[in-house]
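Undergrad: Have a peek at data.cif (mmCIF, C-alpha atoms).
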```
data_query
#
loop_
_atom_site.label_atom_id
_atom_site.label_comp_id
_atom_site.auth_asym_id
_atom_site.auth_seq_id
_atom_site.Cartn_x
_atom_site.Cartn_y
_atom_site.Cartn_z
CA MET A 94 9.64 -21.56 -15.73
CA CYS A 95 9.85 -25.03 -14.28
CA GLY A 96 11.17 -27.33 -17.02
CA PHE A 97 9.29 -30.35 -15.75
CA CYS A 98 5.85 -28.97 -15.13
CA ALA A 99 5.87 -25.91 -17.41
CA VAL A 100 4.68 -23.61 -14.66
CA PHE A 101 5.76 -20.00 -14.80
CA ALA A 102 7.24 -18.75 -11.58
CA GLY A 103 5.94 -15.26 -10.91
CA SER A 104 7.06 -12.80 -8.27
CA PRO A 105 6.19 -14.00 -4.78
CA HIS A 106 3.14 -12.55 -3.12
CA TRP A 107 4.03 -9.82 -0.60
CA SER A 108 3.03 -12.09 2.29
CA GLU A 109 5.51 -14.76 1.18
CA LEU A 110 8.56 -12.69 0.50
CA PRO A 111 11.85 -14.24 1.68
CA THR A 112 12.00 -14.44 5.43
CA GLY A 113 14.92 -12.91 7.23
CA ASP A 114 18.15 -11.90 5.58
CA ALA A 115 19.23 -15.37 4.62
CA PRO A 116 16.51 -17.89 5.42
CA ASP A 117 17.61 -21.46 5.36
CA GLU A 118 15.48 -24.03 3.63
CA LEU A 119 14.29 -25.66 6.85
CA THR A 120 13.03 -22.33 8.18
CA ARG A 121 11.31 -21.55 4.90
CA GLN A 122 9.56 -24.90 4.92
CA ALA A 123 8.56 -24.50 8.57
CA VAL A 124 7.00 -21.10 7.85
CA ARG A 125 5.21 -22.53 4.86
CA ARG A 126 3.79 -25.37 6.96
CA GLN A 127 2.62 -22.81 9.51
CA ARG A 128 0.87 -20.83 6.78
CA LEU A 129 -0.79 -23.98 5.46
CA ARG A 130 -2.11 -24.88 8.91
CA LEU A 131 -3.70 -21.47 9.28
CA LEU A 132 -5.06 -21.58 5.74
CA ASN A 133 -6.63 -24.96 6.39
CA ALA A 134 -8.12 -23.74 9.65
CA VAL A 135 -9.89 -21.05 7.64
CA VAL A 136 -10.94 -22.92 4.52
CA GLN A 137 -12.12 -26.12 6.22
CA ALA A 138 -15.30 -24.30 7.15
CA TYR A 139 -15.89 -23.83 3.42
CA GLY A 140 -15.40 -27.46 2.45
CA CYS A 141 -11.85 -27.16 1.16
CA THR A 142 -8.29 -28.07 2.02
CA VAL A 143 -5.03 -26.52 0.91
CA GLU A 144 -1.79 -28.44 0.38
CA ASP A 145 1.70 -27.42 -0.54
CA TRP A 146 2.77 -27.98 -4.11
CA HIS A 147 6.49 -28.07 -4.77
CA GLY A 148 7.20 -25.59 -2.02
CA GLY A 149 6.04 -22.61 -4.07
CA GLN A 150 2.38 -23.09 -4.95
CA TYR A 151 -0.77 -24.53 -3.46
CA ILE A 152 -3.26 -27.22 -4.33
CA VAL A 153 -6.80 -26.35 -3.30
CA ARG A 154 -9.07 -29.38 -3.01
CA SER A 155 -12.80 -29.54 -2.44
CA LEU A 156 -14.62 -32.31 -0.61
CA ARG A 157 -16.14 -33.35 -3.93
CA GLY A 158 -12.77 -34.02 -5.46
CA ARG A 159 -12.12 -30.85 -7.39
CA SER A 160 -8.52 -29.75 -7.19
CA GLU A 161 -6.60 -26.89 -8.71
CA ILE A 162 -3.10 -25.52 -8.42
CA VAL A 163 -2.78 -21.84 -7.56
CA SER A 164 0.26 -19.72 -6.91
CA ALA A 165 -0.59 -17.26 -4.15
CA LEU A 166 -3.00 -16.42 -1.36
CA PRO A 167 -5.39 -14.21 -3.39
CA GLU A 168 -5.90 -17.10 -5.79
CA VAL A 169 -6.50 -19.47 -2.87
CA TRP A 170 -9.26 -17.19 -1.59
CA THR A 171 -10.80 -16.75 -5.03
CA LEU A 172 -10.89 -20.48 -5.68
CA VAL A 173 -12.25 -21.44 -2.27
CA GLU A 174 -14.99 -18.84 -2.64
CA ALA A 175 -15.86 -20.21 -6.06
CA ILE A 176 -16.07 -23.73 -4.66
CA ALA A 177 -18.03 -22.70 -1.57
CA GLY A 178 -20.28 -20.29 -3.42
CA GLN A 179 -19.83 -17.65 -0.76
CA ALA A 180 -17.33 -15.06 0.38
CA ILE A 181 -14.83 -15.91 3.12
CA ASP A 182 -15.32 -12.89 5.30
CA PRO A 183 -12.54 -12.54 7.89
CA LEU A 184 -14.80 -10.19 9.83
CA SER A 185 -17.57 -12.79 10.08
CA PRO A 186 -18.33 -13.59 13.74
CA ALA A 187 -19.10 -17.18 12.75
CA LEU A 188 -15.68 -17.65 11.13
CA LEU A 189 -13.91 -16.02 14.06
CA ALA A 190 -15.80 -18.24 16.50
CA ALA A 191 -14.78 -21.31 14.49
CA LEU A 192 -11.14 -20.23 14.53
CA LYS A 193 -11.23 -19.59 18.27
CA ALA A 194 -12.62 -23.10 18.81
CA ILE A 195 -9.56 -24.67 17.21
CA LYS A 196 -7.24 -26.02 19.86
CA ALA A 197 -3.63 -25.01 19.65
CA PRO A 198 -1.28 -27.94 18.99
CA MET B 129 14.49 -7.33 2.29
CA SER B 130 16.53 -5.37 -0.26
CA ALA B 131 15.75 -1.86 -1.49
CA PRO B 132 13.20 -1.62 -4.33
CA ALA B 133 14.48 -1.76 -7.86
CA GLY B 134 14.57 1.13 -10.26
CA ARG B 135 13.80 4.80 -10.00
CA PRO B 136 11.12 6.21 -7.71
CA LEU B 137 7.87 7.45 -9.19
CA ILE B 138 6.26 10.24 -7.21
CA VAL B 139 2.55 10.82 -7.72
CA LEU B 140 1.47 14.45 -7.43
CA THR B 141 -2.25 14.70 -7.07
CA GLY B 142 -4.86 17.08 -5.69
CA PHE B 143 -8.36 18.20 -6.46
CA LEU B 144 -9.24 20.55 -9.29
CA GLY B 145 -7.67 23.96 -8.82
CA SER B 146 -5.67 22.97 -5.78
CA GLY B 147 -2.43 24.29 -7.28
CA LYS B 148 -0.62 21.15 -8.37
CA THR B 149 0.94 22.66 -11.48
CA THR B 150 2.01 25.79 -9.64
CA LEU B 151 3.67 23.64 -7.05
CA LEU B 152 5.25 21.40 -9.69
CA ASN B 153 6.70 24.42 -11.50
CA ARG B 154 8.20 25.66 -8.28
CA TRP B 155 9.60 22.26 -7.42
CA LEU B 156 11.22 21.77 -10.81
CA ARG B 157 13.22 24.97 -10.35
CA ASP B 158 14.62 23.64 -7.09
CA PRO B 159 18.07 22.06 -7.35
CA ALA B 160 16.96 19.43 -4.89
CA LEU B 161 14.71 17.96 -7.58
CA ALA B 162 17.17 18.17 -10.46
CA GLY B 163 16.98 15.17 -12.76
CA THR B 164 13.22 14.72 -12.53
CA ALA B 165 11.24 13.45 -15.51
CA VAL B 166 7.63 14.62 -15.50
CA LEU B 167 4.53 12.89 -16.82
CA ILE B 168 1.31 14.86 -16.98
CA ASN B 169 -2.20 13.95 -18.02
CA GLU B 170 -2.80 17.09 -19.99
CA PHE B 171 -1.06 20.31 -20.85
CA GLY B 172 -3.03 22.86 -18.90
CA GLU B 173 -3.11 26.61 -18.93
CA ILE B 174 0.02 26.79 -16.83
CA GLY B 175 2.87 25.69 -19.04
CA LEU B 176 5.70 23.67 -17.62
CA ASP B 177 9.14 24.92 -18.50
CA HIS B 178 10.96 21.64 -18.27
CA GLN B 179 12.90 19.55 -20.73
CA LEU B 180 11.49 16.21 -19.76
CA VAL B 181 7.72 16.49 -19.90
CA GLU B 182 5.61 13.78 -21.48
CA SER B 183 1.86 13.61 -21.90
CA LEU B 184 -0.37 10.69 -20.98
CA ASP B 185 -3.53 9.57 -22.75
CA ASP B 186 -5.38 8.82 -19.51
CA ALA B 187 -6.93 5.62 -20.76
CA PRO B 188 -7.18 3.15 -17.91
CA VAL B 189 -7.82 -0.48 -18.59
CA LEU B 190 -10.19 -1.98 -16.07
CA LEU B 191 -9.34 -5.48 -14.95
CA ALA B 192 -11.89 -8.26 -14.79
CA ASN B 193 -12.76 -7.75 -11.14
CA GLY B 194 -14.03 -4.29 -11.97
CA CYS B 195 -12.27 -2.61 -9.07
CA VAL B 196 -10.95 0.84 -9.92
CA CYS B 197 -7.92 0.41 -7.69
CA CYS B 198 -6.83 -2.58 -9.74
CA SER B 199 -7.26 -0.95 -13.12
CA ILE B 200 -4.01 -0.74 -15.01
CA ARG B 201 -2.98 2.45 -16.72
CA ASP B 202 -1.70 1.21 -20.07
CA ASP B 203 -0.84 4.76 -21.06
CA LEU B 204 1.33 5.12 -17.99
CA LYS B 205 3.09 1.84 -18.60
CA THR B 206 3.79 2.78 -22.21
CA ALA B 207 5.05 6.22 -21.23
CA LEU B 208 7.33 4.89 -18.51
CA LEU B 209 8.84 2.19 -20.68
CA ARG B 210 9.28 4.65 -23.55
CA LEU B 211 11.03 7.02 -21.20
CA GLU B 212 13.40 4.28 -20.10
CA GLU B 213 14.10 3.29 -23.72
CA ARG B 214 14.89 6.88 -24.63
CA ARG B 215 17.19 7.20 -21.65
CA LEU B 216 19.07 4.06 -22.62
CA ALA B 217 19.32 5.33 -26.20
CA GLY B 218 20.71 8.62 -24.96
CA GLU B 219 17.77 10.55 -26.41
CA VAL B 220 16.87 12.11 -23.04
CA PRO B 221 19.11 13.04 -20.13
CA ASP B 222 19.46 10.56 -17.33
CA TYR B 223 16.85 11.10 -14.67
CA ALA B 224 16.82 10.17 -11.02
CA ARG B 225 13.06 10.00 -10.58
CA VAL B 226 9.73 10.41 -12.32
CA MET B 227 6.96 12.67 -11.13
CA ILE B 228 3.45 12.20 -12.47
CA GLU B 229 0.88 14.95 -12.14
CA THR B 230 -2.63 13.53 -12.22
CA THR B 231 -5.81 15.25 -13.30
CA GLY B 232 -7.77 16.91 -10.53
CA ALA B 233 -10.48 14.27 -10.47
CA ALA B 234 -8.09 11.33 -10.70
CA ASP B 235 -7.94 8.45 -8.27
CA PRO B 236 -4.23 7.75 -7.66
CA ALA B 237 -4.86 4.06 -6.95
CA PRO B 238 -4.63 2.86 -10.58
CA ILE B 239 -1.23 4.53 -10.89
CA LEU B 240 -0.01 2.63 -7.85
CA ALA B 241 -1.58 -0.57 -9.19
CA THR B 242 0.23 -0.16 -12.48
CA LEU B 243 3.58 0.07 -10.75
CA LEU B 244 2.97 -2.59 -8.15
CA CYS B 245 1.42 -5.17 -10.45
CA ASP B 246 3.24 -4.89 -13.75
CA PRO B 247 6.20 -7.30 -13.84
CA GLU B 248 8.03 -5.25 -16.48
CA LEU B 249 7.66 -1.90 -14.75
CA ARG B 250 8.65 -3.32 -11.38
CA HIS B 251 12.21 -3.73 -12.60
CA HIS B 252 12.52 -0.10 -13.65
CA TYR B 253 10.41 1.88 -11.18
CA HIS B 254 8.94 1.77 -7.71
CA VAL B 255 6.39 3.92 -5.89
CA GLY B 256 8.28 6.80 -4.32
CA GLY B 257 5.31 8.36 -2.60
CA VAL B 258 1.98 10.08 -3.12
CA VAL B 259 1.87 13.84 -2.61
CA THR B 260 -1.57 15.38 -2.40
CA VAL B 261 -2.09 19.13 -2.65
CA VAL B 262 -5.09 20.49 -0.78
CA ASP B 263 -6.45 23.97 -1.36
CA ALA B 264 -6.68 25.90 1.93
CA VAL B 265 -9.76 27.80 0.74
CA ASN B 266 -11.79 25.06 -0.92
CA GLY B 267 -10.17 21.97 0.57
CA LEU B 268 -12.67 21.41 3.36
CA ARG B 269 -15.60 21.73 0.96
CA ASP B 270 -13.95 19.37 -1.52
CA LEU B 271 -13.30 16.81 1.21
CA SER B 272 -16.93 17.03 2.31
CA HIS B 273 -18.54 16.83 -1.10
CA ARG B 274 -16.18 15.02 -3.43
CA ALA B 275 -15.23 11.38 -3.01
CA GLU B 276 -12.25 11.88 -5.34
CA ALA B 277 -10.82 14.54 -3.03
CA ARG B 278 -11.20 12.26 -0.01
CA ARG B 279 -9.52 9.41 -1.83
CA GLN B 280 -6.63 11.61 -2.90
CA ALA B 281 -6.12 12.70 0.70
CA ALA B 282 -6.52 9.17 2.05
CA LEU B 283 -3.89 7.74 -0.29
CA ALA B 284 -1.34 10.47 0.41
CA ASP B 285 2.03 9.98 2.02
CA TYR B 286 2.43 13.76 2.10
CA LEU B 287 -0.44 16.24 2.40
CA LEU B 288 0.53 19.73 1.34
CA ILE B 289 -1.81 22.66 1.93
CA SER B 290 -1.66 25.38 -0.73
CA LYS B 291 -2.99 28.95 -0.75
CA ARG B 292 -2.70 29.21 3.01
CA ASP B 293 -2.39 32.98 2.80
CA LEU B 294 -5.91 33.17 1.32
CA ALA B 295 -7.62 31.27 4.11
CA ALA B 296 -8.77 32.54 7.49
CA ALA B 297 -7.04 31.01 10.48
CA PRO B 298 -10.10 29.13 11.81
CA ALA B 299 -10.80 27.64 8.37
CA LEU B 300 -7.19 26.59 8.04
CA GLU B 301 -7.26 25.01 11.45
CA ALA B 302 -10.42 23.11 10.57
CA LEU B 303 -8.89 21.86 7.35
CA GLU B 304 -5.73 20.69 9.10
CA GLY B 305 -7.82 18.91 11.69
CA ALA B 306 -9.89 17.21 9.00
CA LEU B 307 -6.79 16.05 7.15
CA ARG B 308 -5.14 14.74 10.31
CA THR B 309 -8.19 12.71 11.21
CA LEU B 310 -8.79 11.55 7.66
CA ASN B 311 -5.23 10.36 7.10
CA PRO B 312 -3.28 10.26 10.36
CA ALA B 313 -0.51 8.27 8.66
CA ALA B 314 0.42 11.07 6.26
CA THR B 315 2.93 13.86 6.82
CA LEU B 316 1.11 17.20 6.82
CA GLY B 317 2.97 20.21 5.44
CA GLU B 318 2.74 23.49 3.61
CA ALA B 319 3.07 23.88 -0.11
CA GLN B 320 4.62 27.32 0.28
CA ARG B 321 8.22 27.91 -0.63
CA ALA B 322 9.35 28.46 2.94
CA HIS B 323 8.70 24.86 3.82
CA TRP B 324 9.78 23.34 0.59
CA PRO B 325 13.43 22.34 1.22
CA ALA B 326 12.61 19.75 3.86
CA ILE B 327 9.95 18.20 1.67
CA ALA B 328 12.22 18.34 -1.38
CA ALA B 329 14.97 16.56 0.48
CA ARG B 330 12.58 13.79 1.38
CA LEU B 331 11.12 13.48 -2.09
CA ALA B 332 14.54 13.59 -3.74
CA ASP B 333 15.24 10.30 -2.02
CA GLY B 334 12.03 8.84 -3.35
CA ASP B 335 10.16 7.05 -0.63
CA VAL B 336 12.44 7.88 2.25
CA ALA B 337 11.24 5.00 4.37
CA ARG B 338 12.45 2.60 1.73
CA ARG B 339 15.89 4.01 2.35
CA GLN B 340 15.55 3.06 5.99
CA ARG B 341 14.80 6.53 7.24
CA LEU B 342 11.94 7.25 9.53
CA THR B 343 9.54 9.61 7.85
CA PRO B 344 6.41 7.46 7.66
CA ALA B 345 7.22 5.95 11.02
CA GLU B 346 7.42 9.39 12.57
CA SER B 347 3.98 10.16 11.35
CA ILE B 348 2.73 6.83 12.56
CA VAL B 349 4.14 7.60 15.97
CA ALA B 350 2.36 10.92 15.91
CA ALA B 351 -0.85 9.13 15.09
CA HIS B 352 -0.69 6.11 17.30
CA ASP B 353 -2.47 7.60 20.24
CA HIS B 354 -5.34 8.11 17.90
CA GLN B 355 -7.28 5.11 19.16
CA HIS B 356 -10.78 6.32 18.65
CA GLU B 357 -12.57 6.24 15.36
CA HIS B 358 -13.12 9.29 13.17
CA HIS B 359 -15.93 9.44 10.65
CA HIS B 360 -15.88 11.55 7.53
CA GLY B 361 -19.32 11.04 6.06
CA GLU B 362 -20.43 8.14 3.86
CA HIS B 363 -19.05 5.68 6.47
CA PHE B 364 -15.55 6.97 5.85
CA ALA B 365 -13.45 6.39 8.96
CA SER B 366 -9.87 6.26 10.13
CA PHE B 367 -8.70 4.40 13.17
CA THR B 368 -5.47 3.08 14.64
CA LEU B 369 -4.89 -0.33 16.16
CA CYS B 370 -2.07 -0.88 18.64
CA PHE B 371 -0.90 -4.25 19.88
CA ASP B 372 1.36 -4.81 22.87
CA GLU B 373 2.31 -8.31 21.78
CA ALA B 374 4.53 -9.05 18.78
CA ILE B 375 2.47 -10.01 15.73
CA ASP B 376 3.19 -13.22 13.89
CA TRP B 377 4.11 -12.17 10.36
CA THR B 378 2.85 -15.29 8.60
CA ALA B 379 -0.54 -15.05 10.28
CA PHE B 380 -0.70 -11.33 9.57
CA GLY B 381 -0.04 -11.98 5.89
CA VAL B 382 -2.83 -14.55 5.68
CA TRP B 383 -5.21 -12.21 7.51
CA LEU B 384 -4.46 -9.04 5.56
CA SER B 385 -4.52 -10.83 2.22
CA LEU B 386 -7.98 -12.17 3.08
CA LEU B 387 -9.23 -8.85 4.44
CA LEU B 388 -8.11 -7.05 1.29
CA HIS B 389 -9.43 -9.81 -0.93
CA VAL B 390 -12.92 -9.42 0.51
CA HIS B 391 -12.97 -5.78 1.64
CA GLY B 392 -10.17 -4.22 -0.40
CA GLU B 393 -12.44 -1.69 -2.07
CA ARG B 394 -13.38 -0.40 1.38
CA VAL B 395 -9.86 -0.31 2.81
CA LEU B 396 -8.59 2.90 1.31
CA ARG B 397 -5.36 2.70 3.21
CA VAL B 398 -3.59 0.55 5.74
CA LYS B 399 -0.22 1.71 6.95
CA GLY B 400 1.86 1.00 9.98
CA LEU B 401 4.69 -0.65 11.85
CA LEU B 402 4.65 -4.22 13.07
CA ASN B 403 6.65 -5.67 15.90
CA VAL B 404 7.34 -9.19 14.65
CA PRO B 405 8.91 -12.04 16.62
CA GLY B 406 12.61 -12.46 16.22
CA SER B 407 13.30 -9.02 14.78
CA ALA B 408 14.83 -6.04 16.52
CA SER B 409 13.37 -3.58 14.02
CA PRO B 410 9.78 -3.03 12.84
CA VAL B 411 8.27 -4.11 9.55
CA VAL B 412 6.60 -1.35 7.55
CA VAL B 413 3.21 -2.28 6.12
CA ASN B 414 1.74 -0.05 3.43
CA GLY B 415 -1.41 -1.00 1.54
CA VAL B 416 -3.81 0.77 -0.78
CA GLN B 417 -7.11 -1.02 -1.32
CA HIS B 418 -6.28 -4.45 -2.83
CA LEU B 419 -2.61 -3.60 -3.19
CA VAL B 420 0.20 -3.96 -0.69
CA HIS B 421 3.65 -2.50 -1.18
CA PRO B 422 6.45 -5.00 -0.56
CA PRO B 423 6.99 -4.89 3.22
CA TYR B 424 10.43 -4.05 4.57
CA HIS B 425 12.26 -3.52 7.84
CA LEU B 426 13.11 -0.10 9.20
CA ALA B 427 16.69 0.21 10.39
CA ARG B 428 15.41 0.72 13.94
CA TRP B 429 12.37 1.68 15.95
CA PRO B 430 11.71 5.44 15.77
CA ASP B 431 11.27 5.68 19.56
CA GLU B 432 11.04 3.58 22.69
CA ASP B 433 7.48 2.51 21.96
CA GLN B 434 7.80 -0.80 20.19
CA ARG B 435 4.16 -1.70 19.94
CA SER B 436 2.68 -2.65 16.59
CA ARG B 437 0.59 0.20 15.15
CA LEU B 438 -1.67 0.07 12.14
CA VAL B 439 -3.63 3.00 10.73
CA PHE B 440 -6.72 2.09 8.70
CA ILE B 441 -8.74 4.42 6.51
CA THR B 442 -11.89 2.56 5.58
CA GLU B 443 -15.37 2.97 4.24
CA GLY B 444 -17.83 1.17 6.44
CA LEU B 445 -15.54 -1.19 8.37
CA ALA B 446 -15.84 -0.99 12.14
CA ARG B 447 -12.68 -0.70 14.20
CA GLU B 448 -13.81 -3.32 16.71
CA SER B 449 -14.58 -5.80 13.97
CA VAL B 450 -11.20 -5.39 12.27
CA ALA B 451 -9.34 -5.55 15.59
CA ALA B 452 -11.15 -8.71 16.71
CA SER B 453 -10.49 -10.39 13.40
CA LEU B 454 -6.77 -9.55 13.39
CA ALA B 455 -6.40 -10.70 16.99
CA THR B 456 -8.10 -14.02 16.26
CA PHE B 457 -6.04 -14.78 13.17
CA THR B 458 -2.72 -13.84 14.71
CA ALA B 459 -3.39 -15.75 17.94
CA LEU B 460 -4.20 -18.93 16.03
CA GLY B 461 -1.37 -18.40 13.57
CA ALA B 462 1.13 -17.86 16.37
CA SER B 463 0.03 -21.12 17.98
CA PHE B 464 1.05 -22.88 14.76
CA ARG B 465 4.45 -21.20 14.63
CA PRO B 466 7.30 -23.67 14.89
CA PRO B 467 9.71 -22.94 17.75
CA GLY B 468 12.50 -20.58 16.79
CA ALA B 469 11.10 -19.75 13.34
CA ASP B 470 11.36 -16.09 12.45
CA SER B 471 8.85 -15.42 9.74
CA SER B 472 9.35 -11.71 9.27
CA PRO B 473 10.27 -10.34 5.84
#
```
Would you encode the structure as structure tokens?

TA:
Amino acid sequence: MCGFCAVFAGSPHWSELPTGDAPDELTRQAVRRQRLRLLNAVVQAYGCTVEDWHGGQYIVRSLRGRSEIVSALPEVWTLVEAIAGQAIDPLSPALLAALKAIKAP
Amino acid sequence: MSAPAGRPLIVLTGFLGSGKTTLLNRWLRDPALAGTAVLINEFGEIGLDHQLVESLDDAPVLLANGCVCCSIRDDLKTALLRLEERRLAGEVPDYARVMIETTGAADPAPILATLLCDPELRHHYHVGGVVTVVDAVNGLRDLSHRAEARRQAALADYLLISKRDLAAAPALEALEGALRTLNPAATLGEAQRAHWPAIAARLADGDVARRQRLTPAESIVAAHDHQHEHHHGEHFASFTLCFDEAIDWTAFGVWLSLLLHVHGERVLRVKGLLNVPGSASPVVVNGVQHLVHPPYHLARWPDEDQRSRLVFITEGLARESVAASLATFTALGASFRPPGADSSP
């Protein structure tokens, strides 16, 4: 548990398990930034943004100012769906079209 | 990624009357499976002559989302922890693995969920594999008429056909064909004694792939030319996706977590090998409905074909739709990848 913020650190989600044999901190942060960019590309269509929180959790914010801290991707999806009032279907042609329209950096 | 903690738990399942207990009795007499603790749902007519047999209450606890695959078997957790306590206290002999025999109508998914999700159990046990026994005489009928039988076959790592001597050759051939199309990622074998040693050797190691051997990969290789879609009634279909390009692991994780979040109840199984950037060996992906086993690297590719291959067994999801979605997510995710960053597990 983090002594400052009293947050329990659970096991990492399978998609965020340590990268490589001995990932250095810069690589870990770079991968995390990459994940956040993709997450934001998806959730922006649902009126939300996702930010990093202390390198291990996420802050999901809505356009109306609601914000919550969550620990892993399934919780991100659940919260964004609750805010948007609809499912985020990765098979939706509309969502896929929106993602394709995003220009690569 | 390091090897999983604790002892392997092997799930032995199969539809009613398929011959699970007969097979279990035979297995427990084999030296290859010495040191196996057994958990059973009920003491049936066929007694088990084994010193380490415990009974389960079969009382699943359904989680708030109401999905059967995410229900936690409290009885299983209690039994497994009690077993470990008794071992540490010296009340039972040390054991190398646990085998659980389910009831004939059981869905194995809650057992896997219990192991994968419980933080206490994760330190003591890991999923060593799902073995499904299929009756050569009634198997085809069960697969056609009973959703439980299809689920048991779909979740299997090993499919063992019993009572082969009682079935006519054409019927046996039809059953084998149905099983191969239903679950192309599973190893198909015979439950008869003659073919037991090879299977025993694999099971004695728990999930052999976790020990960096190639069993699941071999079966994936056998299945990867299986590009077209197979339907099994009630929108039940298996299909394989192959990708020539390496797949960005971070993007894949975002995509699969979202796919399973929304459609997990309809993704009975996803299993395969991924070619990820910056890695000379493939990553093994193994998911059951909403659950995904911790991914890991194989020691090496099983053959010269180093394409990513994913087998899906789904209810009502179209191959083209899943493929288009994965391609879109991974293309965008790869465009966000910082230069030189290897994001594989």

Undergrad: Please identify all polymer residues lying at most 8 Å from the point (-12.9, -26.9, -3.4) (file coordinates), using all atoms listed in the file, and present the result as a PyMOL selection string.

TA: chain A and resi 140-142+153-160+172-173+175-177

Undergrad: Report as a PyMOL selection string the full result of the PyMOL selection byres ((chain A and resi 122-132) around 8) when it is applied to this structure.

TA: (chain A and resi 118-121+133-136+143-145+148) or (chain B and resi 378-379+382+460-461+464-466+469+471)

Undergrad: So which one's closest to B:Asp372, B:Val398, B:Leu294, B:Ile168, B:Val404? Using only C-alpha atoms, please.

TA: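 Nearest to B:Asp372: B:Val404.
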
Undergrad: May I have the residues within 8 Å of B:Leu244 as a ChimeraX atom specification, using all atoms listed in the file and disregarding those fewer than 4 positions away in the same chain?

TA: /B:240,250,254-255,419,421

Undergrad: Set the cut-off to 10 Å and count all atoms listed in the file: what are the residues of chain B that reach chain A? Output as a PyMOL selection string.

TA: chain B and resi 129-130+245+247+377-391+406-407+418-425+445-446+448-473

Undergrad: For a quick check of understanding, using all atoms listed in the file, which of B:Glu393, B:Glu219, B:Asp270, B:Asp431 has the smallest distance to B:Glu443?

TA: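 Smallest distance to B:Glu443 is found for B:Glu393.
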
Undergrad: Suppose a student applies the PyMOL selection byres ((chain B and resi 137) around 8) to this structure; what residues should they get, written as a ChimeraX atom specification?

TA: /B:135-136,138-139,225-228,253-257,334
